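Peer 1: Take this structure first; my questions come after.
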Amino acid sequence: MFRLARPLLLPALLAACAPAVMPNNATPRTAEVLPAATDTSPVGEGVTVSRWMLDPKGQPASWLNTTLAGRGLREPINIILIDERAATPEEAAARLLDAATRAGYGPKGGHSTGYSGVINGERYAQQPAGNGEAFSDAPWWGSNNHGRVFGPARTARGFVWIASFSREDFALFARMHHPYNSFRVARDDFARRMTDTSDFKAAGSVDLGNALNTPTLTTDDHDGQAVLLVAPGH
């Protein structure tokens, strides 16, 4: 069994345009912790996953060098998917694409690409793999939830994917046209929609220990939990 931290109670309704909140980051801790590309968390059944989405240089992604109140933002892994039905990596990829599309998160352009994630020591390129694409619930020229998914890794349980989802706004006249909004809102919305429309069902959450709250770094409203979505075998 995967090490569930707690059952996940997905909210019935999400405030889609709500500003990011920072309950975990109101008072920075005095000790500095520097995230590394090699940071991993065991999640059970001999599986380890990276705590961070990695940028094209192989370092913990920084949301295009975004800062919040003077602190650098880091992008956590906040979704784990297990596909117990797929027989091959190709089938797992096709099933992921179909499920995400039916959930309203089909691939859409206008996003940065080249990210990766690590499962059991192997680095996987992002899905979707199209130029400028991410799984997203709305076009890039408006507020949207979007994410990149990494895998699939074959395990005893099935094919495992990990993902990082976030919400961004759109500001035409700002220096950054796509300012960061929230990790938690996007994570929970993706999990709810996948649960409602696909074989992948929310099955609790896994504590990855990747909530940052230091004098120089933050993961904002991320609580250290990755929502677990499972497509059970027949």
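Chain identifiers are assigned as A, B, and so on, following the order in which chains appear in the structure tokens; residues are numbered from 1 within each chain, and ligands are numbered from 1 in order of appearance.
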Could you please write out, as a ChimeraX atom specification, every residue of chain A that DSSP assigns to alpha helix (DSSP H)?

Peer 2: /A:89-102,184-197

Peer 1: Since we have the selection now, will you write its residues out, keeping C-alpha atoms, as a PDB file, in the first residue's frame?

Peer 2:
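As a result, again08.pdb now contains:
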ATOM      1  CA  PRO A  89       3.635   2.380 -21.072  1.00  0.00           C
ATOM      2  CA  GLU A  90       1.991   3.349 -24.354  1.00  0.00           C
ATOM      3  CA  GLU A  91      -1.432   2.351 -23.070  1.00  0.00           C
ATOM      4  CA  ALA A  92      -0.788   4.219 -19.820  1.00  0.00           C
ATOM      5  CA  ALA A  93       0.082   7.365 -21.782  1.00  0.00           C
ATOM      6  CA  ALA A  94      -3.019   7.054 -23.952  1.00  0.00           C
ATOM      7  CA  ARG A  95      -5.224   6.510 -20.918  1.00  0.00           C
ATOM      8  CA  LEU A  96      -3.750   9.530 -19.145  1.00  0.00           C
ATOM      9  CA  LEU A  97      -4.375  11.748 -22.169  1.00  0.00           C
ATOM     10  CA  ASP A  98      -7.942  10.490 -22.531  1.00  0.00           C
ATOM     11  CA  ALA A  99      -8.720  10.928 -18.823  1.00  0.00           C
ATOM     12  CA  ALA A 100      -7.244  14.422 -18.653  1.00  0.00           C
ATOM     13  CA  THR A 101      -9.087  15.497 -21.794  1.00  0.00           C
ATOM     14  CA  ARG A 102     -12.428  14.207 -20.519  1.00  0.00           C
ATOM     15  CA  ARG A 184      -3.574  23.996  -3.943  1.00  0.00           C
ATOM     16  CA  VAL A 185      -6.465  25.318  -6.039  1.00  0.00           C
ATOM     17  CA  ALA A 186      -5.139  23.664  -9.203  1.00  0.00           C
ATOM     18  CA  ARG A 187      -4.257  20.405  -7.455  1.00  0.00           C
ATOM     19  CA  ASP A 188      -7.679  20.008  -5.888  1.00  0.00           C
ATOM     20  CA  ASP A 189      -9.577  21.013  -9.028  1.00  0.00           C
ATOM     21  CA  PHE A 190      -7.674  18.532 -11.206  1.00  0.00           C
ATOM     22  CA  ALA A 191      -8.235  15.768  -8.642  1.00  0.00           C
ATOM     23  CA  ARG A 192     -11.946  16.537  -8.361  1.00  0.00           C
ATOM     24  CA  ARG A 193     -12.509  16.621 -12.102  1.00  0.00           C
ATOM     25  CA  MET A 194     -10.527  13.429 -12.709  1.00  0.00           C
ATOM     26  CA  THR A 195     -12.534  11.712  -9.971  1.00  0.00           C
ATOM     27  CA  ASP A 196     -15.823  12.899 -11.471  1.00  0.00           C
ATOM     28  CA  THR A 197     -15.115  12.014 -15.103  1.00  0.00           C
TER      29      THR A 197
END

Peer 1: So that I can check the surroundings of stretch 60-68 of chain A, please list as a ChimeraX atom specification every protein, DNA and RNA residue that reaches within 10 Å of it, counting only C-alpha atoms and ignoring chain neighbours fewer than 5 positions away.

Peer 2: /A:34-39,50-55,73-76,112,115-117,166,176,178-180,216-220

Peer 1: What lies within 8 Å of A:Lys108 using only C-alpha atoms, ignoring chain neighbours under 4 positions off, as a VMD selection string?

Peer 2: chain A and resid 132 to 136 138 to 140

Peer 1: Applying 12 Å and only C-alpha atoms, which residues near A:Val230 remain after dropping the ones on its own chain fewer than 6 positions away? List them as a VMD selection string.

Peer 2: chain A and resid 1 to 2 79 to 86 96 99 157 to 162 191 194 to 195 198 to 205

Peer 1: Convert the current residue selection to file output with C-alpha atoms, as an mmCIF file, in the first residue's frame.

Peer 2:
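Output below, filename again_28.cif:
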data_model
loop_
_atom_site.group_PDB
_atom_site.id
_atom_site.type_symbol
_atom_site.label_atom_id
_atom_site.label_comp_id
_atom_site.auth_asym_id
_atom_site.auth_seq_id
_atom_site.Cartn_x
_atom_site.Cartn_y
_atom_site.Cartn_z
ATOM 1 C CA MET A 1 0.000 0.000 0.000
ATOM 2 C CA PHE A 2 1.074 3.567 -0.615
ATOM 3 C CA ILE A 79 -0.290 14.755 -7.674
ATOM 4 C CA ILE A 80 0.462 11.015 -7.879
ATOM 5 C CA LEU A 81 -1.476 8.829 -10.311
ATOM 6 C CA ILE A 82 -1.508 5.027 -10.347
ATOM 7 C CA ASP A 83 -2.918 3.194 -13.361
ATOM 8 C CA GLU A 84 -3.597 -0.430 -12.443
ATOM 9 C CA ARG A 85 -5.354 -1.133 -15.753
ATOM 10 C CA ALA A 86 -2.759 -0.225 -18.391
ATOM 11 C CA LEU A 96 -3.750 9.530 -19.145
ATOM 12 C CA ALA A 99 -8.720 10.928 -18.823
ATOM 13 C CA ARG A 157 1.049 -1.751 -8.200
ATOM 14 C CA GLY A 158 0.768 -0.501 -11.782
ATOM 15 C CA PHE A 159 2.072 2.405 -13.821
ATOM 16 C CA VAL A 160 2.898 5.438 -11.684
ATOM 17 C CA TRP A 161 2.848 9.072 -12.768
ATOM 18 C CA ILE A 162 3.719 12.175 -10.762
ATOM 19 C CA ALA A 191 -8.235 15.768 -8.642
ATOM 20 C CA MET A 194 -10.527 13.429 -12.709
ATOM 21 C CA THR A 195 -12.534 11.712 -9.971
ATOM 22 C CA SER A 198 -12.513 9.248 -15.368
ATOM 23 C CA ASP A 199 -11.285 5.906 -14.039
ATOM 24 C CA PHE A 200 -8.865 7.775 -11.770
ATOM 25 C CA LYS A 201 -10.409 8.313 -8.346
ATOM 26 C CA ALA A 202 -9.106 10.304 -5.382
ATOM 27 C CA ALA A 203 -7.779 7.841 -2.793
ATOM 28 C CA GLY A 204 -6.337 10.115 -0.126
ATOM 29 C CA SER A 205 -3.062 11.972 -0.047
#

Peer 1: What parts of stretch 32-144 of chain A does DSSP call strand (DSSP E or B)? I'd like the answer as a PyMOL selection string.

Peer 2: chain A and resi 40-44+47-50+52+54+60+67-68+71-73+76+79-83+107-108+116-119+122-127+134-136+144

Peer 1: Calculated over only C-alpha atoms, which of the candidates A:Gln127, A:Gln59, A:Thr113, A:Asn78 has the smallest distance to A:Gly224?

Peer 2: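 Checking each of A:Gln127, A:Gln59, A:Thr113, A:Asn78 against A:Gly224, counting only C-alpha atoms, the winner is A:Asn78.
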